[in-house]
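This report concerns only the one structure given below.
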Amino acid sequence: MAAIALLILSGASCKRKGNTEVITEPTVKGPEFNADSAFAYCDAQCAFGPRTMNSEAHEKCGEWIAEKFRRLGCEVELQKAALTGYDGTMLRATNIIARHKPEKKRHILICAHWDSRPWADNDPDSTNWTKPVMAANDGASGVAVMLEVARLLQQVDSLNVGVDFVCFDAEDWGVPQWTNRSDADSWALGAQYWATHQPSKTWETTYGILLDMVGGQGAQFYKEQVSLHYASSVVDRVWSAAHAAGYSGYFPMEQGGAITDDHLPVNEKAGIPCIDIIPYYPQCEASSFGPTWHTIQDDMNHIDKNSLKAVGQTLMQVLLTE
């Protein structure tokens with residue numbers, strides 16, 4: 001997750017309030033989101049190793065993601081670009097675009113990044129700062145949820161919208177902390193490219209939902225402030241859907257921080273109202289993004305199926321109430 005916190009509150013520990021609260025009578029729309037399936041999709045990505053830019057693991061995993069979407073009945077487009085990292089490195093990037101029901105006149109964008117952070121620069125052990133991050137949560141979890149949603153949509157005949165799943169690349173090549181520099185434009189490079197290279201299309205993209213780090217242990221998803229600024233009505237829609245589906249404990253009606261993430265260029269450059277579903281840990285001293293953010297501990301041992309299900313079922317609720 002390349003997000004840079006513009007507003008971060010931290011405390012003494014990473015302990016969280018319980019996140020198993022549910023409303024009394026949830027009304028779930030559509031098929032049940034299978035957390036075991038999403039977990040397997042997440043694990044399969046990590047099996048390639050860290051998907052850092054220009055690596056063999058990155059290329060092979062990208063091919064795997066694209067083929068998975070094809071097998072799930074999506075129309076797949078690979079948007080390739082040569083992008084320049086903050087340090088001048090040329091990055092061979094591929095945004096993976098998979099469309100479900102592309103013939104529909106109105107589409108919803110669901111997106112996440114699929115690359116891994118090349119530096120564990122927030123690890124408590126400084127000897128790990130130049131090691132790559134496995135990115136089970138910070139990357140793979142969002143793609144895993146999208147794949148499971150795509151699988152479930154094959155079972156739905158009544159969907160009124162098309163769904164564009166976009167896996168953004170080169171999101172996490174942002175300036176490392178050890179440089180003591182700040183450059184918001186060094187993050188979300190794939191999303192920036194996608195936002196400024198929109199093809200001519202016959203449909204309207206009504207709004208977008210970005211998934212970032214949606215599988216972490218103890219995750220809660222507060223209302224992110226950039227999302228509220230650009231797309232408050234979409235925030236209201238998604239949080240209402242989460243509560244209706246029984247996941248109010250995961251989606252509190254409180255504000256979190258303001259984050260620079262892939263949704264920023266989608267809003268500012270593509271002109272699509274887009275929100276960020278991203279965890280907020282207000283009492284975590286290591287990071288408001290949680291204890292494993294940009295560390296070597298961001299692995300499958302720290303993925304929670306319950307978090308995956310809360311987000312996945314919420315997305316199904318949103319899509320099936322359109």
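As shown in the structure tokens, the chain order sets the letters A, B, ...; within each chain, residues go from 1, and ligands are also counted from 1 in the order they appear.
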
Checklist line | Test item, helix (DSSP H, G or I) assignment across range 18-183 of chain A, answer as number ranges by chain | finding: A: 35-46, 56-71, 126-128, 136-153, 177-179

With C-alpha atoms retained, write the just-selected residues as an mmCIF file, in the first residue's frame.
data_model
loop_
_atom_site.group_PDB
_atom_site.id
_atom_site.type_symbol
_atom_site.label_atom_id
_atom_site.label_comp_id
_atom_site.auth_asym_id
_atom_site.auth_seq_id
_atom_site.Cartn_x
_atom_site.Cartn_y
_atom_site.Cartn_z
ATOM 1 C CA ALA A 35 -13.548 -16.236 2.574
ATOM 2 C CA ASP A 36 -11.706 -19.542 2.106
ATOM 3 C CA SER A 37 -11.652 -18.958 -1.649
ATOM 4 C CA ALA A 38 -10.413 -15.383 -1.235
ATOM 5 C CA PHE A 39 -7.726 -16.586 1.187
ATOM 6 C CA ALA A 40 -6.573 -19.145 -1.414
ATOM 7 C CA TYR A 41 -6.383 -16.436 -4.097
ATOM 8 C CA CYS A 42 -4.267 -14.355 -1.735
ATOM 9 C CA ASP A 43 -1.983 -17.283 -0.936
ATOM 10 C CA ALA A 44 -1.564 -18.119 -4.627
ATOM 11 C CA GLN A 45 -0.207 -14.637 -5.328
ATOM 12 C CA CYS A 46 2.245 -14.864 -2.447
ATOM 13 C CA GLU A 56 10.226 -12.573 -12.568
ATOM 14 C CA ALA A 57 7.737 -13.110 -9.724
ATOM 15 C CA HIS A 58 5.955 -9.925 -10.768
ATOM 16 C CA GLU A 59 5.661 -10.993 -14.399
ATOM 17 C CA LYS A 60 4.470 -14.512 -13.597
ATOM 18 C CA CYS A 61 1.926 -13.351 -11.052
ATOM 19 C CA GLY A 62 0.553 -10.767 -13.470
ATOM 20 C CA GLU A 63 -0.006 -13.494 -16.045
ATOM 21 C CA TRP A 64 -1.724 -15.626 -13.386
ATOM 22 C CA ILE A 65 -4.080 -12.807 -12.339
ATOM 23 C CA ALA A 66 -5.041 -12.036 -15.938
ATOM 24 C CA GLU A 67 -5.716 -15.696 -16.706
ATOM 25 C CA LYS A 68 -7.811 -16.092 -13.544
ATOM 26 C CA PHE A 69 -10.051 -13.217 -14.591
ATOM 27 C CA ARG A 70 -10.366 -14.692 -18.086
ATOM 28 C CA ARG A 71 -11.442 -18.049 -16.657
ATOM 29 C CA SER A 126 16.474 -1.599 10.338
ATOM 30 C CA THR A 127 18.416 -4.511 8.832
ATOM 31 C CA ASN A 128 15.183 -5.458 7.026
ATOM 32 C CA ALA A 136 -0.052 -10.559 1.479
ATOM 33 C CA ASN A 137 -2.240 -7.783 2.849
ATOM 34 C CA ASP A 138 -0.760 -4.736 1.123
ATOM 35 C CA GLY A 139 -1.636 -5.767 -2.394
ATOM 36 C CA ALA A 140 -2.656 -9.418 -2.639
ATOM 37 C CA SER A 141 -5.698 -9.147 -0.349
ATOM 38 C CA GLY A 142 -7.441 -6.582 -2.536
ATOM 39 C CA VAL A 143 -6.873 -8.600 -5.711
ATOM 40 C CA ALA A 144 -8.053 -11.747 -3.900
ATOM 41 C CA VAL A 145 -11.342 -10.108 -2.915
ATOM 42 C CA MET A 146 -11.874 -8.906 -6.485
ATOM 43 C CA LEU A 147 -11.267 -12.384 -7.884
ATOM 44 C CA GLU A 148 -13.779 -13.920 -5.480
ATOM 45 C CA VAL A 149 -16.357 -11.243 -6.323
ATOM 46 C CA ALA A 150 -15.797 -11.954 -10.030
ATOM 47 C CA ARG A 151 -16.345 -15.658 -9.359
ATOM 48 C CA LEU A 152 -19.586 -15.002 -7.511
ATOM 49 C CA LEU A 153 -20.921 -12.630 -10.162
ATOM 50 C CA GLN A 177 11.323 6.445 4.551
ATOM 51 C CA TRP A 178 15.096 6.299 4.941
ATOM 52 C CA THR A 179 15.554 9.021 2.294
#

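Every protein, DNA or RNA residue with an atom at most 12 Å from Val28 in chain A, where only C-alpha atoms count and chain neighbours fewer than 5 positions away do not, is listed here: Ile23, Phe33, Ala241, Ala242, His243, Ala244, Ala245, Gly246, Tyr247, Ala310, Gly312, Gln313, Thr314, Leu315, Met316, Gln317, Val318, Leu319, Leu320 and Thr321 of chain A.
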
Restricting it to all heavy atoms, dump the selection as a compact mmCIF listing (two decimals), in the first residue's frame.
# COMPACT_ATOMS: atom_id res chain seq x y z
N ILE A 23 -25.19 -6.21 13.06
CA ILE A 23 -26.52 -5.69 13.31
C ILE A 23 -27.44 -6.84 13.63
O ILE A 23 -27.15 -8.00 13.33
CB ILE A 23 -27.03 -4.87 12.11
CG1 ILE A 23 -27.16 -5.75 10.86
CG2 ILE A 23 -26.15 -3.69 11.83
CD1 ILE A 23 -27.78 -5.03 9.69
N PHE A 33 -20.19 -14.54 0.19
CA PHE A 33 -18.78 -14.40 -0.13
C PHE A 33 -17.99 -15.50 0.57
O PHE A 33 -18.14 -15.71 1.78
CB PHE A 33 -18.28 -13.03 0.32
CG PHE A 33 -16.86 -12.73 -0.07
CD1 PHE A 33 -16.57 -12.16 -1.30
CD2 PHE A 33 -15.80 -13.02 0.79
CE1 PHE A 33 -15.25 -11.87 -1.67
CE2 PHE A 33 -14.49 -12.74 0.43
CZ PHE A 33 -14.22 -12.18 -0.80
N ALA A 241 -24.24 -0.30 3.11
CA ALA A 241 -24.27 -1.69 2.66
C ALA A 241 -23.58 -2.61 3.66
O ALA A 241 -24.07 -3.72 3.94
CB ALA A 241 -23.61 -1.81 1.28
N ALA A 242 -22.45 -2.17 4.21
CA ALA A 242 -21.74 -2.98 5.20
C ALA A 242 -22.61 -3.21 6.43
O ALA A 242 -22.67 -4.33 6.96
CB ALA A 242 -20.44 -2.28 5.60
N HIS A 243 -23.29 -2.20 6.89
CA HIS A 243 -24.14 -2.34 8.06
C HIS A 243 -25.34 -3.23 7.75
O HIS A 243 -25.74 -4.06 8.58
CB HIS A 243 -24.58 -0.96 8.55
CG HIS A 243 -23.49 -0.22 9.27
ND1 HIS A 243 -23.66 0.32 10.53
CD2 HIS A 243 -22.21 0.06 8.92
CE1 HIS A 243 -22.53 0.89 10.92
NE2 HIS A 243 -21.63 0.75 9.95
N ALA A 244 -25.91 -3.08 6.56
CA ALA A 244 -27.05 -3.92 6.18
C ALA A 244 -26.66 -5.38 6.09
O ALA A 244 -27.47 -6.27 6.41
CB ALA A 244 -27.62 -3.44 4.84
N ALA A 245 -25.43 -5.65 5.66
CA ALA A 245 -24.96 -7.03 5.53
C ALA A 245 -24.48 -7.62 6.85
O ALA A 245 -24.17 -8.81 6.92
CB ALA A 245 -23.83 -7.09 4.50
N GLY A 246 -24.44 -6.79 7.90
CA GLY A 246 -24.07 -7.30 9.22
C GLY A 246 -22.64 -7.05 9.63
O GLY A 246 -22.14 -7.70 10.54
N TYR A 247 -21.96 -6.08 8.99
CA TYR A 247 -20.55 -5.85 9.28
C TYR A 247 -20.29 -4.44 9.80
O TYR A 247 -19.26 -3.83 9.50
CB TYR A 247 -19.72 -6.14 8.03
CG TYR A 247 -19.75 -7.61 7.67
CD1 TYR A 247 -20.60 -8.08 6.68
CD2 TYR A 247 -18.99 -8.53 8.38
CE1 TYR A 247 -20.67 -9.45 6.38
CE2 TYR A 247 -19.04 -9.88 8.09
CZ TYR A 247 -19.88 -10.33 7.09
OH TYR A 247 -19.95 -11.68 6.80
N ALA A 310 -15.74 -9.63 5.42
CA ALA A 310 -16.47 -8.39 5.70
C ALA A 310 -16.44 -7.45 4.51
O ALA A 310 -17.46 -6.86 4.12
CB ALA A 310 -15.88 -7.71 6.93
N GLY A 312 -15.56 -8.32 1.27
CA GLY A 312 -16.13 -8.98 0.09
C GLY A 312 -17.64 -9.00 0.10
O GLY A 312 -18.29 -8.72 -0.92
N GLN A 313 -18.24 -9.32 1.25
CA GLN A 313 -19.70 -9.36 1.32
C GLN A 313 -20.29 -7.96 1.18
O GLN A 313 -21.36 -7.78 0.59
CB GLN A 313 -20.15 -9.98 2.64
CG GLN A 313 -21.61 -10.44 2.61
CD GLN A 313 -21.81 -11.63 1.67
OE1 GLN A 313 -21.22 -12.69 1.87
NE2 GLN A 313 -22.63 -11.44 0.64
N THR A 314 -19.58 -6.97 1.69
CA THR A 314 -20.02 -5.59 1.52
C THR A 314 -20.04 -5.20 0.05
O THR A 314 -20.99 -4.56 -0.43
CB THR A 314 -19.10 -4.64 2.32
OG1 THR A 314 -19.25 -4.90 3.71
CG2 THR A 314 -19.44 -3.19 2.04
N LEU A 315 -19.01 -5.59 -0.70
CA LEU A 315 -18.98 -5.29 -2.13
C LEU A 315 -20.14 -5.97 -2.85
O LEU A 315 -20.79 -5.34 -3.71
CB LEU A 315 -17.66 -5.76 -2.74
CG LEU A 315 -16.42 -4.91 -2.48
CD1 LEU A 315 -15.23 -5.50 -3.19
CD2 LEU A 315 -16.64 -3.48 -2.93
N MET A 316 -20.41 -7.22 -2.52
CA MET A 316 -21.54 -7.90 -3.14
C MET A 316 -22.84 -7.17 -2.83
O MET A 316 -23.72 -7.02 -3.68
CB MET A 316 -21.61 -9.35 -2.64
CG MET A 316 -20.46 -10.23 -3.11
SD MET A 316 -20.37 -10.40 -4.92
CE MET A 316 -21.92 -11.27 -5.26
N GLN A 317 -22.97 -6.71 -1.60
CA GLN A 317 -24.17 -5.97 -1.19
C GLN A 317 -24.32 -4.69 -2.01
O GLN A 317 -25.42 -4.35 -2.47
CB GLN A 317 -24.06 -5.62 0.30
CG GLN A 317 -25.33 -5.10 0.93
CD GLN A 317 -26.25 -6.24 1.38
OE1 GLN A 317 -25.91 -7.40 1.27
NE2 GLN A 317 -27.41 -5.87 1.89
N VAL A 318 -23.21 -3.99 -2.21
CA VAL A 318 -23.25 -2.76 -3.00
C VAL A 318 -23.67 -3.04 -4.43
O VAL A 318 -24.59 -2.39 -4.98
CB VAL A 318 -21.87 -2.06 -2.98
CG1 VAL A 318 -21.83 -0.92 -3.99
CG2 VAL A 318 -21.55 -1.54 -1.59
N LEU A 319 -23.02 -4.00 -5.06
CA LEU A 319 -23.28 -4.29 -6.47
C LEU A 319 -24.70 -4.79 -6.72
O LEU A 319 -25.33 -4.44 -7.72
CB LEU A 319 -22.27 -5.31 -6.99
CG LEU A 319 -20.80 -4.85 -7.04
CD1 LEU A 319 -19.89 -6.01 -7.42
CD2 LEU A 319 -20.63 -3.69 -8.01
N LEU A 320 -25.20 -5.58 -5.81
CA LEU A 320 -26.53 -6.19 -6.02
C LEU A 320 -27.67 -5.31 -5.56
O LEU A 320 -28.84 -5.70 -5.69
CB LEU A 320 -26.58 -7.56 -5.34
CG LEU A 320 -25.65 -8.59 -5.98
CD1 LEU A 320 -25.61 -9.88 -5.20
CD2 LEU A 320 -26.09 -8.88 -7.42
N THR A 321 -27.37 -4.15 -5.03
CA THR A 321 -28.43 -3.19 -4.72
C THR A 321 -28.40 -2.02 -5.68
O THR A 321 -29.07 -1.01 -5.47
CB THR A 321 -28.30 -2.69 -3.26
OG1 THR A 321 -26.98 -2.22 -3.02
CG2 THR A 321 -28.64 -3.81 -2.27

Item checked: Exercise: range 208-223 of chain A partners within 6 Å, only C-alpha atoms, chain neighbours under 3 positions left out, as a VMD selection string -> chain A and resid 108 to 112 137 to 138 141 to 142 250 to 252 254 to 256 274 to 280 303 to 304 307 to 308

Just the selected residues (C-alpha atoms), exported as a compact mmCIF listing (two decimals), in the first residue's frame, please.
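Written file, again11.txt:
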# COMPACT_ATOMS: atom_id res chain seq x y z
CA ILE A 108 -18.82 0.34 -11.34
CA LEU A 109 -15.03 0.37 -10.87
CA ILE A 110 -13.50 -1.98 -8.28
CA CYS A 111 -9.72 -1.63 -7.98
CA ALA A 112 -6.63 -2.57 -5.98
CA ASN A 137 -2.24 -7.78 2.85
CA ASP A 138 -0.76 -4.74 1.12
CA SER A 141 -5.70 -9.15 -0.35
CA GLY A 142 -7.44 -6.58 -2.54
CA TYR A 250 -15.74 -3.59 10.63
CA PHE A 251 -17.11 -0.34 9.16
CA PRO A 252 -17.54 2.15 12.03
CA GLU A 254 -16.19 7.39 12.20
CA GLN A 255 -13.55 9.23 10.20
CA GLY A 256 -9.99 8.01 9.82
CA CYS A 274 -13.76 6.90 -5.99
CA ILE A 275 -13.41 5.92 -2.35
CA ASP A 276 -10.76 3.97 -0.46
CA ILE A 277 -11.63 1.04 1.79
CA ILE A 278 -8.48 1.03 3.90
CA PRO A 279 -7.88 0.02 7.53
CA TYR A 280 -7.21 2.52 10.27
CA ILE A 303 -4.22 -12.54 6.96
CA ASP A 304 -7.66 -12.81 8.57
CA SER A 307 -11.66 -9.26 7.35
CA LEU A 308 -11.69 -10.56 3.77

Next item on the list: Tell me which protein, DNA and RNA residues are within 12 Å of Gly190 in chain A, counting only C-alpha atoms, leaving out same-chain ones fewer than 4 positions away, and put them as a ChimeraX atom specification.
Entry: /A:2,53,78-85,91-97,111-115,166-174,185-186,194-197,261-266

Notebook entry, point to check: With distances taken over only C-alpha atoms, which of A:Thr206, A:Asn180, A:Pro50, A:Ala258 is nearest to Ser233 in chain A?
Noted result: A:Thr206

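With only C-alpha atoms as the atoms that count, the minimum distance from His302 in chain A to the choices A:Met253, A:Ala135, A:Arg106, A:Met90 is reached by A:Ala135.
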
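Counting only C-alpha atoms and comparing A:Pro26, A:Gly249, A:Pro199, A:Gly49, the residue that lies closest to Asn306 in chain A is A:Gly249.
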
Check: For Ser227 in chain A, which residue out of A:Glu268, A:Asp299, A:Glu75, A:Glu285 is the nearest one, using only C-alpha atoms?
Finding: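 Among the listed residues, the smallest separation from Ser227 in chain A belongs to A:Glu268.
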
Checklist line | Pairwise distance for CA of Gly290 in chain A and CA of Trp187 in chain A, rounded to one decimal in Å | finding: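 Between CA of Gly290 in chain A and CA of Trp187 in chain A the gap works out to 19.1 Å.
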
Item checked: Distance in Å - CA of Lys104 in chain A versus CA of Asn160 in chain A -> 7.6 Å

Checklist line | Between CA of Pro102 in chain A and CA of Asp164 in chain A - distance in Å to one decimal | finding: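 Between these atoms lies a distance of 7.9 Å.
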